$ cat my_file21.txt   # compact mmCIF, C-alpha atoms
# COMPACT_ATOMS: atom_id res chain seq x y z
CA MET A 1 114.58 122.96 81.47
CA GLU A 2 111.70 120.51 82.01
CA ARG A 3 109.44 123.38 83.10
CA LEU A 4 109.76 124.89 79.62
CA ASN A 5 107.51 122.04 78.43
CA HIS A 6 105.16 122.11 81.43
CA SER A 7 101.45 121.66 80.72
CA ASP A 8 100.73 125.12 82.17
CA ILE A 9 101.70 128.02 79.90
CA ASN A 10 102.28 130.30 82.89
CA VAL A 11 104.81 127.86 84.36
CA ARG A 12 106.55 127.65 80.98
CA LEU A 13 106.85 131.41 80.62
CA ALA A 14 107.97 131.87 84.24
CA ALA A 15 110.69 129.26 83.70
CA LEU A 16 111.85 131.12 80.59
CA GLU A 17 112.16 134.37 82.54
CA GLU A 18 114.57 132.65 84.91
CA LEU A 19 116.57 130.71 82.33
CA VAL A 20 117.25 133.54 79.90
CA LYS A 21 119.06 135.43 82.66
CA ASP A 22 121.84 132.85 82.42
CA LEU A 23 122.27 133.08 78.65
CA PRO A 24 125.28 135.14 77.55
CA LYS A 25 124.66 138.34 75.68
CA GLN A 26 124.90 137.69 71.95
CA GLU A 27 126.00 139.82 69.05
CA PRO A 28 123.92 139.65 65.83
CA SER A 29 124.79 136.44 64.00
CA GLY A 30 122.85 136.63 60.76
CA ASN A 31 121.09 133.39 61.67
CA VAL A 32 117.30 133.23 61.21
CA ASN A 33 114.71 130.46 61.02
CA ASN A 34 111.07 131.00 60.05
CA HIS A 35 109.85 127.38 60.26
CA ILE A 36 109.96 126.07 63.83
CA HIS A 37 107.29 123.54 64.80
CA THR A 38 106.05 123.26 68.37
CA PHE A 39 104.01 120.71 70.26
CA TYR A 40 100.86 122.37 68.89
CA SER A 41 101.59 120.25 65.81
CA PHE A 42 104.51 117.87 66.36
CA SER A 43 107.75 118.77 68.10
CA PRO A 44 109.69 118.12 71.31
CA TYR A 45 109.29 121.82 72.11
CA SER A 46 106.56 124.01 73.51
CA PRO A 47 106.44 127.49 71.94
CA THR A 48 108.32 128.74 75.01
CA LYS A 49 111.00 126.07 74.82
CA ALA A 50 111.32 126.63 71.06
CA VAL A 51 112.11 130.29 71.71
CA TYR A 52 114.61 129.34 74.41
CA MET A 53 116.35 126.87 72.12
CA ALA A 54 116.39 129.41 69.30
CA LYS A 55 117.89 132.06 71.56
CA LYS A 56 120.44 129.62 72.99
CA ALA A 57 121.44 128.51 69.47
CA GLY A 58 122.14 132.10 68.49
CA LEU A 59 119.25 132.94 66.17
CA ASP A 60 118.58 136.62 65.55
CA THR A 61 114.91 135.94 64.80
CA ALA A 62 112.62 132.91 65.05
CA GLY A 63 109.32 131.95 63.43
CA ILE A 64 106.65 129.49 64.57
CA MET A 65 105.14 127.27 61.87
CA ASP A 66 102.74 124.59 63.12
CA HIS A 67 100.60 122.34 60.93
CA ASP A 68 96.96 123.50 60.69
CA SER A 69 97.26 125.39 63.98
CA VAL A 70 98.08 128.84 65.31
CA SER A 71 97.37 127.90 68.93
CA GLY A 72 101.01 128.37 69.92
CA CYS A 73 101.43 131.77 68.29
CA ARG A 74 100.58 134.07 71.17
CA GLU A 75 102.78 132.10 73.56
CA PHE A 76 105.59 132.23 71.00
CA ILE A 77 105.21 136.02 70.74
CA ARG A 78 105.25 136.47 74.52
CA ALA A 79 108.23 134.13 74.91
CA GLY A 80 110.08 136.14 72.28
CA GLU A 81 109.44 139.32 74.25
CA ILE A 82 110.78 137.70 77.42
CA ALA A 83 113.88 136.39 75.64
CA ASP A 84 114.40 139.59 73.65
CA LEU A 85 114.16 137.57 70.45
CA PRO A 86 112.17 139.06 67.54
CA THR A 87 109.56 136.59 66.32
CA THR A 88 107.24 135.98 63.41
CA VAL A 89 104.17 133.74 63.40
CA GLY A 90 102.49 131.60 60.78
CA CYS A 91 101.18 128.13 60.02
CA GLU A 92 101.54 125.35 57.49
CA CYS A 93 98.79 123.32 55.84
CA ARG A 94 98.02 121.04 52.93
CA VAL A 95 95.78 122.27 50.12
CA SER A 96 94.10 120.64 47.16
CA PHE A 97 95.09 121.76 43.67
CA ASP A 98 92.02 120.18 42.05
CA GLY A 99 90.91 122.12 38.98
CA THR A 100 94.33 123.68 38.43
CA ARG A 101 97.09 122.70 36.03
CA LEU A 102 98.83 120.96 38.95
CA ALA A 103 95.93 118.59 39.61
CA GLY A 104 97.07 114.98 39.75
CA LYS A 105 100.77 115.84 39.79
CA ARG A 106 103.29 114.87 42.47
CA ILE A 107 103.86 118.37 43.86
CA ASN A 108 105.70 118.58 47.20
CA ASN A 109 103.79 115.92 49.13
CA PRO A 110 105.59 112.54 49.41
CA ASP A 111 102.36 110.70 50.19
CA GLN A 112 99.73 112.09 47.83
CA CYS A 113 99.44 113.63 44.37
CA GLY A 114 97.45 116.80 43.74
CA VAL A 115 97.91 117.99 47.34
CA ALA A 116 100.71 120.35 48.39
CA TYR A 117 102.17 121.83 51.54
CA VAL A 118 101.84 125.61 51.73
CA THR A 119 102.38 128.20 54.44
CA ILE A 120 100.95 131.47 55.68
CA HIS A 121 103.73 133.65 57.03
CA SER A 122 103.66 136.87 59.00
CA ILE A 123 100.10 136.73 60.31
CA PRO A 124 99.13 140.09 61.88
CA HIS A 125 98.54 139.41 65.55
CA LYS A 126 94.98 140.76 65.59
CA ASN A 127 93.98 138.05 63.08
CA ILE A 128 95.45 134.95 64.77
CA GLU A 129 92.04 133.86 66.06
CA ARG A 130 90.50 134.19 62.59
CA VAL A 131 93.07 131.72 61.26
CA ALA A 132 92.31 129.37 64.18
CA GLU A 133 88.59 129.47 63.30
CA PHE A 134 89.37 128.55 59.70
CA PHE A 135 91.39 125.44 60.58
CA ALA A 136 89.22 124.08 63.43
CA PRO A 137 86.72 122.15 61.24
CA TYR A 138 89.50 120.83 59.00
CA ASN A 139 91.30 119.39 62.03
CA GLU A 140 88.15 117.55 63.10
CA LYS A 141 87.88 116.04 59.62
CA ARG A 142 91.56 115.13 59.78
CA ASN A 143 91.00 113.14 62.94
CA LEU A 144 88.37 111.00 61.22
CA ARG A 145 91.06 109.94 58.74
CA ASN A 146 93.65 109.61 61.53
CA ARG A 147 91.45 107.02 63.22
CA LYS A 148 91.14 105.03 60.00
CA MET A 149 94.93 105.09 59.54
CA VAL A 150 95.45 103.82 63.08
CA ASP A 151 93.05 100.95 62.34
CA LYS A 152 95.05 100.16 59.22
CA ILE A 153 98.38 100.26 61.06
CA ASN A 154 97.05 97.75 63.55
CA THR A 155 96.76 95.20 60.74
CA LEU A 156 100.37 95.72 59.65
CA THR A 157 102.46 95.24 62.81
CA ASP A 158 102.50 92.95 65.81
CA VAL A 159 101.64 95.78 68.23
CA THR A 160 98.41 97.71 68.68
CA ILE A 161 97.93 101.43 69.18
CA ASP A 162 94.76 103.18 70.28
CA PHE A 163 93.99 106.63 68.87
CA ASP A 164 92.35 107.93 72.06
CA ALA A 165 94.72 106.31 74.56
CA ASP A 166 98.05 106.44 72.72
CA VAL A 167 97.90 109.14 70.03
CA LEU A 168 95.73 111.99 71.30
CA PRO A 169 97.68 112.35 74.59
CA LEU A 170 100.81 113.12 72.53
CA SER A 171 99.08 116.15 71.03
CA LYS A 172 97.60 119.47 72.13
CA HIS A 173 94.31 118.67 70.45
CA LYS A 174 92.22 120.02 73.34
CA GLU A 175 94.05 123.35 73.04
CA GLY A 176 93.59 123.69 69.29
CA GLY A 177 96.67 121.77 68.23
CA SER A 178 96.66 119.42 65.27
CA VAL A 179 97.15 115.65 65.22
CA THR A 180 99.45 114.54 62.42
CA GLU A 181 100.87 111.35 60.95
CA ARG A 182 103.94 112.02 63.10
CA HIS A 183 101.86 111.67 66.29
CA ILE A 184 100.59 108.31 65.06
CA LEU A 185 104.07 107.12 64.14
CA PHE A 186 105.57 108.36 67.42
CA ALA A 187 102.99 106.30 69.32
CA LEU A 188 103.78 103.31 67.11
CA ALA A 189 107.52 103.80 67.59
CA GLY A 190 107.09 103.72 71.35
CA LYS A 191 105.13 100.47 71.25
CA LEU A 192 107.61 98.85 68.84
CA LEU A 193 110.60 99.77 71.00
CA GLU A 194 108.89 98.22 74.02
CA ALA A 195 108.04 95.03 72.13
CA HIS A 196 111.31 94.58 70.22
CA PRO A 197 114.64 95.05 72.02
CA ASP A 198 116.34 94.36 68.67
CA ILE A 199 114.35 96.92 66.75
CA VAL A 200 116.67 96.80 63.72
CA ALA A 201 116.05 93.09 63.22
CA TYR A 202 112.32 93.68 63.48
CA LEU A 203 112.36 96.50 60.91
CA GLU A 204 114.27 94.34 58.48
CA SER A 205 111.84 91.48 59.05
CA ILE A 206 108.99 93.68 57.77
CA ASN A 207 111.09 94.91 54.83
CA ILE A 208 111.93 98.38 56.12
CA PRO A 209 115.52 99.20 55.09
CA VAL A 210 117.88 100.52 57.77
CA SER A 211 120.91 102.58 56.77
CA ASP A 212 124.23 102.25 58.58
CA LYS A 213 123.70 105.69 60.13
CA VAL A 214 120.26 104.82 61.48
CA ARG A 215 121.43 101.36 62.59
CA ALA A 216 124.09 103.02 64.74
CA MET A 217 121.52 105.32 66.32
CA LEU A 218 118.95 102.62 67.01
CA THR A 219 121.50 100.28 68.58
CA ASP A 220 123.19 102.94 70.71
CA PRO A 221 122.35 102.16 74.39
CA GLU A 222 123.02 105.81 75.31
CA ASN A 223 120.54 107.17 72.75
CA ASP A 224 117.77 108.95 74.64
CA VAL A 225 115.91 110.12 71.51
CA LYS A 226 115.59 106.67 69.94
CA GLN A 227 111.82 107.06 69.60
CA TYR A 228 112.32 110.11 67.37
CA ASP A 229 114.93 108.24 65.32
CA LEU A 230 112.56 105.34 64.79
CA LEU A 231 109.81 107.79 63.86
CA GLY A 232 112.05 109.10 61.08
CA VAL A 233 112.57 105.59 59.70
CA LEU A 234 108.85 104.83 59.81
CA LYS A 235 107.93 108.10 58.17
CA GLY A 236 110.37 107.52 55.34
CA HIS A 237 109.48 103.91 54.58
CA PHE A 238 106.23 102.86 56.28
CA VAL A 239 103.70 105.64 55.64
CA LYS A 240 102.94 104.33 52.14
CA ASP A 241 101.60 101.11 53.70
CA PHE A 242 98.92 102.75 55.85
CA TYR A 243 98.39 106.19 54.34
CA ILE A 244 94.85 107.13 53.33
CA ASP A 245 94.47 110.06 50.95
CA ALA A 246 93.49 113.35 52.60
CA THR A 247 90.38 114.87 51.01
CA ASP A 248 87.86 116.75 53.15
CA GLU A 249 90.56 117.98 55.54
CA CYS A 250 92.40 119.87 52.78
CA PRO A 251 91.02 123.28 51.83
CA HIS A 252 91.18 124.12 48.15
CA VAL A 253 94.14 126.30 47.23
CA SER A 254 91.76 129.14 46.34
CA GLU A 255 90.26 129.07 49.86
CA TYR A 256 93.74 129.17 51.37
CA ILE A 257 94.77 132.15 49.22
CA LYS A 258 91.55 133.93 50.17
CA LEU A 259 92.25 133.35 53.88
CA ALA A 260 95.86 134.54 53.65
CA ASP A 261 94.78 137.71 51.86
CA GLU A 262 91.88 138.30 54.25
CA VAL A 263 94.06 138.15 57.37
CA GLY A 264 96.96 140.05 55.82
CA GLY A 265 99.38 137.12 55.89
CA ILE A 266 101.86 136.14 53.19
CA SER A 267 100.89 133.03 51.21
CA ALA A 268 103.90 130.90 50.29
CA TYR A 269 104.40 127.74 48.28
CA ALA A 270 106.86 125.37 50.01
CA TYR A 271 109.40 124.20 47.45
CA LEU A 272 110.76 120.72 48.16
CA GLY A 273 112.60 119.68 45.01
CA ASP A 274 113.57 116.18 43.93
CA VAL A 275 114.99 114.20 46.86
CA GLY A 276 118.07 112.00 46.59
CA ASP A 277 119.72 111.31 49.95
CA SER A 278 117.29 112.82 52.47
CA VAL A 279 119.07 115.24 54.82
CA THR A 280 116.64 114.53 57.66
CA GLY A 281 116.39 110.81 56.95
CA ASP A 282 112.58 110.84 56.85
CA LYS A 283 112.09 111.11 53.07
CA ARG A 284 112.76 108.39 50.55
CA ALA A 285 114.39 109.19 47.20
CA GLN A 286 111.59 110.60 45.08
CA LYS A 287 110.77 112.99 42.23
CA PHE A 288 108.80 116.11 42.98
CA GLU A 289 108.43 119.47 41.18
CA ASP A 290 111.70 119.84 39.33
CA ASP A 291 110.55 118.33 36.02
CA TYR A 292 107.80 120.94 35.58
CA LEU A 293 109.06 123.85 37.68
CA PRO A 294 108.25 126.62 35.11
CA LEU A 295 104.64 125.44 34.97
CA LEU A 296 104.45 125.34 38.77
CA PHE A 297 105.67 128.90 39.11
CA GLU A 298 103.33 130.11 36.40
CA GLU A 299 100.41 128.45 38.16
CA ILE A 300 101.13 129.56 41.73
CA SER A 301 101.68 133.10 40.49
CA SER A 302 98.35 133.12 38.65
CA LEU A 303 96.62 131.69 41.74
CA GLY A 304 97.83 134.62 43.83
CA PHE A 305 100.73 133.25 45.89
CA LYS A 306 102.97 135.99 47.27
CA ALA A 307 106.09 133.99 48.11
CA VAL A 308 108.06 130.75 47.92
CA THR A 309 109.66 129.24 51.01
CA TYR A 310 112.51 126.75 50.78
CA MET A 311 115.17 125.03 52.87
CA PRO A 312 118.67 125.70 51.49
CA THR A 313 120.35 122.80 53.28
CA ARG A 314 118.03 120.28 51.59
CA ASN A 315 118.73 121.24 47.97
CA THR A 316 121.62 121.49 45.57
CA MET A 317 122.89 124.88 44.50
CA ASP A 318 121.56 124.21 40.98
CA GLN A 319 118.08 123.59 42.38
CA LEU A 320 118.24 126.72 44.52
CA MET A 321 119.45 128.96 41.72
CA ARG A 322 116.66 127.74 39.49
CA VAL A 323 114.08 128.52 42.16
CA ARG A 324 115.57 131.94 42.83
CA ASP A 325 115.54 132.84 39.14
CA LEU A 326 111.88 131.91 38.88
CA CYS A 327 111.03 133.86 42.04
CA ALA A 328 112.62 136.92 40.45
CA GLN A 329 110.77 136.31 37.18
CA TYR A 330 107.39 136.16 38.91
CA ASN A 331 108.17 138.75 41.62
CA LEU A 332 107.67 136.25 44.43
CA MET A 333 109.22 136.88 47.86
CA GLU A 334 111.83 134.31 48.93
CA ILE A 335 111.54 132.98 52.47
CA CYS A 336 113.90 130.58 54.24
CA GLY A 337 112.78 128.07 56.83
CA GLU A 338 114.46 124.88 58.03
CA ASP A 339 111.66 122.94 59.70
CA ILE A 340 112.37 121.90 63.28
CA ASN A 341 110.37 118.97 64.69
CA SER A 342 113.03 116.63 66.12
CA PRO A 343 115.59 116.99 68.93
CA ARG A 344 118.42 116.13 66.52
CA GLN A 345 117.77 119.09 64.24
CA SER A 346 119.87 122.23 64.49
CA PHE A 347 118.14 125.59 64.75
CA ILE A 348 120.95 127.07 62.66
CA CYS A 349 120.87 126.94 58.86
CA GLU A 350 124.54 126.82 57.88
CA ALA A 351 123.68 127.69 54.26
CA LEU A 352 122.74 131.22 55.32
CA LYS A 353 126.40 131.95 55.96
CA ASN A 354 126.79 132.06 52.18
CA PRO A 355 126.49 135.72 51.07
CA THR A 356 124.39 134.47 48.14
CA PHE A 357 121.53 134.02 50.59
CA ALA A 358 121.74 137.39 52.33
CA ASN A 359 118.29 138.25 50.98
CA LEU A 360 116.81 135.40 53.05
CA VAL A 361 118.08 136.97 56.25
CA GLN A 362 116.56 140.31 55.25
CA ALA A 363 113.31 138.53 54.40
CA ALA A 364 112.97 137.34 58.01
CA TRP A 365 113.11 140.94 59.21
CA ASP A 366 110.64 141.94 56.50
CA LEU A 367 108.20 139.31 57.79
CA ILE A 368 108.47 140.70 61.31
CA LYS A 369 107.93 144.24 60.08
CA HIS A 370 104.94 143.17 57.98
CA GLU A 371 103.04 141.44 60.79
CA ARG A 372 103.68 144.23 63.27
CA MET A 373 102.45 146.87 60.85
$ encode --input "my_file21.txt" --output "structure tokens"
Amino acid sequence: MERLNHSDINVRLAALEELVKDLPKQEPSGNVNNHIHTFYSFSPYSPTKAVYMAKKAGLDTAGIMDHDSVSGCREFIRAGEIADLPTTVGCECRVSFDGTRLAGKRINNPDQCGVAYVTIHSIPHKNIERVAEFFAPYNEKRNLRNRKMVDKINTLTDVTIDFDADVLPLSKHKEGGSVTERHILFALAGKLLEAHPDIVAYLESINIPVSDKVRAMLTDPENDVKQYDLLGVLKGHFVKDFYIDATDECPHVSEYIKLADEVGGISAYAYLGDVGDSVTGDKRAQKFEDDYLPLLFEEISSLGFKAVTYMPTRNTMDQLMRVRDLCAQYNLMEICGEDINSPRQSFICEALKNPTFANLVQAAWDLIKHERM
């Protein structure tokens, strides 16, 4: 299993060829997931290991979705061929809505107003490199801000992290991967765990709340993913203290739409919805798009979006039905994707077992057909 995350892609793929021989033959399950992150953004999985985990979990199809990077796409495609798992490829990014009717609003970004997460799904394989070219300069600008955020973090805790020595080695930056806030927080989590055996007491001493569920995980001596658990706590409650607004690294929404259309991908707005009790534990209770959802749909439709992607397990049925009705009204494709970036997350979206969401399963196959055509 360790070879699936080897630094050499050829070793990873060779390991997959051996391991899939031992997986039992599976009947179609109706399970799909179009939003799997890999270590080309932030994830415990290489593209090859992500495919293996998806196949082992029983997915019928799998989709790669890294932040600001398509560097894992070709490996993901090849791994899918080896594992006999149909795949789709895309990427996620943040865009500025300056100059639109959503400017200045809290859209779907917990950390910044006027900036939203969006995706490009189903990128035709011949155009993967064009998408990589587009994001390369934005990633360099992002790292300028990353360095400033690391400097700010170092004034807020009793440990010190170094961007070059502690953060960059966690990424695939040299191979075109992105460096995100999660990389920074993962490096910080590692240093904090080393410095504070009683990490819960330390968190509470700096006014970071710890739920009973998280307390149990962080105090469990058998927990071998404690660094990821602490990352989740820090992301939910600490980012606001060191976050610096993203500006130059965010393309304007019009540039993003132009790119998606140029390469033949499907542009999708990522609906989040108001958050109460965060399913993944890394989002604080917060208001997002629900108060002005009709305006949002009117605006993304007029801007040229082709789809809306959402995560059924993270929303109430009332929220989902409202989104689905608006998608129908504006003739926007519905795409399902439960983002995977932590070892505790399941590759299976249980909500898809509800016949109400049968169209989301079909949409995954439509994405595959689109990019192969």
$ closest_residue --input "my_file21.txt" --among "A:Ile368, A:Ala260, A:Ile82, A:Ala116" --to "Val20 of chain A" --atoms "all atoms listed in the file"
A:Ile82
$ residues_near_point --input "my_file21.txt" --point "(100.6, 121.9, 38.5)" --cutoff "8 Å" --atoms "all atoms listed in the file" --output "ChimeraX atom specification"
/A:97,100-105,107,114,292,295-296,299
$ atom_distance --input "my_file21.txt" --atom1 "atom CA of Ser346 of chain A" --atom2 "atom CA of Gln112 of chain A"
28.0 Å
$ closest_residue --input "my_file21.txt" --among "A:Ile300, A:Val159, A:Ile335, A:Cys91" --to "Pro312 of chain A" --atoms "all atoms listed in the file"
A:Ile335
$ closest_residue --input "my_file21.txt" --among "A:Leu16, A:Ala54, A:Val225, A:Leu272" --to "Asn108 of chain A" --atoms "only C-alpha atoms"
A:Leu272
$ axis_aligned_box --input "my_file21.txt" --around "segment 303-318 of chain A" --padding-each-side "8 Å" --output "AutoDock Vina command-line options"
--center_x 109.8 --center_y 128.1 --center_z 47.1 --size_x 42.3 --size_y 31.7 --size_z 28.3
$ closest_atom_pairs --input "my_file21.txt" --of "segment 50-94 of chain A" --to "segment 160-180 of chain A" --cutoff "12 Å" --atoms "all atoms listed in the file" --output "CSV"
residue,atom,partner,partner_atom,distance
A:Met65,CA,A:Gly177,CA,11.9
A:Asp66,CA,A:Ser178,CA,8.3
A:His67,CA,A:Ser178,CA,6.5
A:Asp68,CA,A:Ser178,CA,6.1
A:Ser69,CA,A:Gly177,CA,5.6
A:Val70,CA,A:Gly177,CA,7.8
A:Ser71,CA,A:Gly176,CA,5.7
A:Gly72,CA,A:Gly177,CA,8.1
A:Cys73,CA,A:Gly177,CA,11.1
A:Cys91,CA,A:Ser178,CA,11.1
A:Glu92,CA,A:Ser178,CA,10.9
A:Cys93,CA,A:Ser178,CA,10.4
A:Arg94,CA,A:Thr180,CA,11.6
$ atom_distance --input "my_file21.txt" --atom1 "atom CA of Lys235 of chain A" --atom2 "atom CA of Ala136 of chain A"
25.2 Å
$ closest_residue --input "my_file21.txt" --among "A:Asp98, A:Phe305, A:Thr313, A:Met1" --to "Gln345 of chain A" --atoms "all atoms listed in the file"
A:Thr313
$ residues_around --input "my_file21.txt" --residues "Ser342 of chain A" --least-positions-apart "5" --cutoff "8 Å" --atoms "all atoms listed in the file" --output "list of chain:residue names"
A:Ser43, A:Pro44, A:Tyr228
$ residues_around --input "my_file21.txt" --residues "Thr87 of chain A" --least-positions-apart "4" --cutoff "12 Å" --atoms "only C-alpha atoms" --output "ChimeraX atom specification"
/A:32-36,47-48,50-52,54-55,59-65,73-83,121-125,364-372
$ atom_distance --input "my_file21.txt" --atom1 "atom CA of Thr309 of chain A" --atom2 "atom CA of Phe347 of chain A"
16.6 Å
$ closest_residue --input "my_file21.txt" --among "A:Val214, A:Ser29, A:Gly99, A:Val263" --to "Ala57 of chain A" --atoms "all atoms listed in the file"
A:Ser29
$ build_atoms --input "my_file21.txt" --residues "segment 83-100 of chain A" --atoms "N, CA and C atoms" --output "PDB file, keeping the file's coordinate frame"
ATOM      1  N   ALA A  83     112.503 136.747  76.002  1.00  0.00           N
ATOM      2  CA  ALA A  83     113.880 136.390  75.640  1.00  0.00           C
ATOM      3  C   ALA A  83     114.566 137.457  74.801  1.00  0.00           C
ATOM      4  N   ASP A  84     113.861 138.538  74.517  1.00  0.00           N
ATOM      5  CA  ASP A  84     114.400 139.590  73.650  1.00  0.00           C
ATOM      6  C   ASP A  84     114.820 139.013  72.303  1.00  0.00           C
ATOM      7  N   LEU A  85     113.924 138.198  71.747  1.00  0.00           N
ATOM      8  CA  LEU A  85     114.160 137.570  70.450  1.00  0.00           C
ATOM      9  C   LEU A  85     113.002 137.939  69.524  1.00  0.00           C
ATOM     10  N   PRO A  86     113.248 138.712  68.488  1.00  0.00           N
ATOM     11  CA  PRO A  86     112.170 139.060  67.540  1.00  0.00           C
ATOM     12  C   PRO A  86     111.570 137.808  66.917  1.00  0.00           C
ATOM     13  N   THR A  87     110.243 137.779  66.830  1.00  0.00           N
ATOM     14  CA  THR A  87     109.560 136.590  66.320  1.00  0.00           C
ATOM     15  C   THR A  87     108.611 136.936  65.181  1.00  0.00           C
ATOM     16  N   THR A  88     108.294 135.891  64.419  1.00  0.00           N
ATOM     17  CA  THR A  88     107.240 135.980  63.410  1.00  0.00           C
ATOM     18  C   THR A  88     106.385 134.738  63.536  1.00  0.00           C
ATOM     19  N   VAL A  89     105.094 134.857  63.193  1.00  0.00           N
ATOM     20  CA  VAL A  89     104.170 133.740  63.400  1.00  0.00           C
ATOM     21  C   VAL A  89     103.462 133.382  62.104  1.00  0.00           C
ATOM     22  N   GLY A  90     103.191 132.082  61.968  1.00  0.00           N
ATOM     23  CA  GLY A  90     102.490 131.600  60.780  1.00  0.00           C
ATOM     24  C   GLY A  90     102.035 130.182  61.002  1.00  0.00           C
ATOM     25  N   CYS A  91     101.575 129.534  59.927  1.00  0.00           N
ATOM     26  CA  CYS A  91     101.180 128.130  60.020  1.00  0.00           C
ATOM     27  C   CYS A  91     101.338 127.475  58.654  1.00  0.00           C
ATOM     28  N   GLU A  92     101.365 126.161  58.694  1.00  0.00           N
ATOM     29  CA  GLU A  92     101.540 125.350  57.490  1.00  0.00           C
ATOM     30  C   GLU A  92     100.307 124.471  57.322  1.00  0.00           C
ATOM     31  N   CYS A  93      99.920 124.208  56.077  1.00  0.00           N
ATOM     32  CA  CYS A  93      98.790 123.320  55.840  1.00  0.00           C
ATOM     33  C   CYS A  93      98.944 122.638  54.491  1.00  0.00           C
ATOM     34  N   ARG A  94      98.065 121.688  54.236  1.00  0.00           N
ATOM     35  CA  ARG A  94      98.020 121.040  52.930  1.00  0.00           C
ATOM     36  C   ARG A  94      96.776 121.534  52.199  1.00  0.00           C
ATOM     37  N   VAL A  95      96.916 121.796  50.906  1.00  0.00           N
ATOM     38  CA  VAL A  95      95.780 122.270  50.120  1.00  0.00           C
ATOM     39  C   VAL A  95      95.628 121.418  48.868  1.00  0.00           C
ATOM     40  N   SER A  96      94.398 121.370  48.387  1.00  0.00           N
ATOM     41  CA  SER A  96      94.100 120.640  47.160  1.00  0.00           C
ATOM     42  C   SER A  96      94.286 121.557  45.952  1.00  0.00           C
ATOM     43  N   PHE A  97      94.921 121.030  44.916  1.00  0.00           N
ATOM     44  CA  PHE A  97      95.090 121.760  43.670  1.00  0.00           C
ATOM     45  C   PHE A  97      94.134 121.238  42.584  1.00  0.00           C
ATOM     46  N   ASP A  98      93.021 120.633  43.011  1.00  0.00           N
ATOM     47  CA  ASP A  98      92.020 120.180  42.050  1.00  0.00           C
ATOM     48  C   ASP A  98      91.564 121.354  41.174  1.00  0.00           C
ATOM     49  N   GLY A  99      91.395 121.078  39.888  1.00  0.00           N
ATOM     50  CA  GLY A  99      90.910 122.120  38.980  1.00  0.00           C
ATOM     51  C   GLY A  99      91.968 123.065  38.491  1.00  0.00           C
ATOM     52  N   THR A 100      93.220 122.859  38.911  1.00  0.00           N
ATOM     53  CA  THR A 100      94.330 123.680  38.430  1.00  0.00           C
ATOM     54  C   THR A 100      95.202 122.830  37.510  1.00  0.00           C
TER      55      THR A 100
END
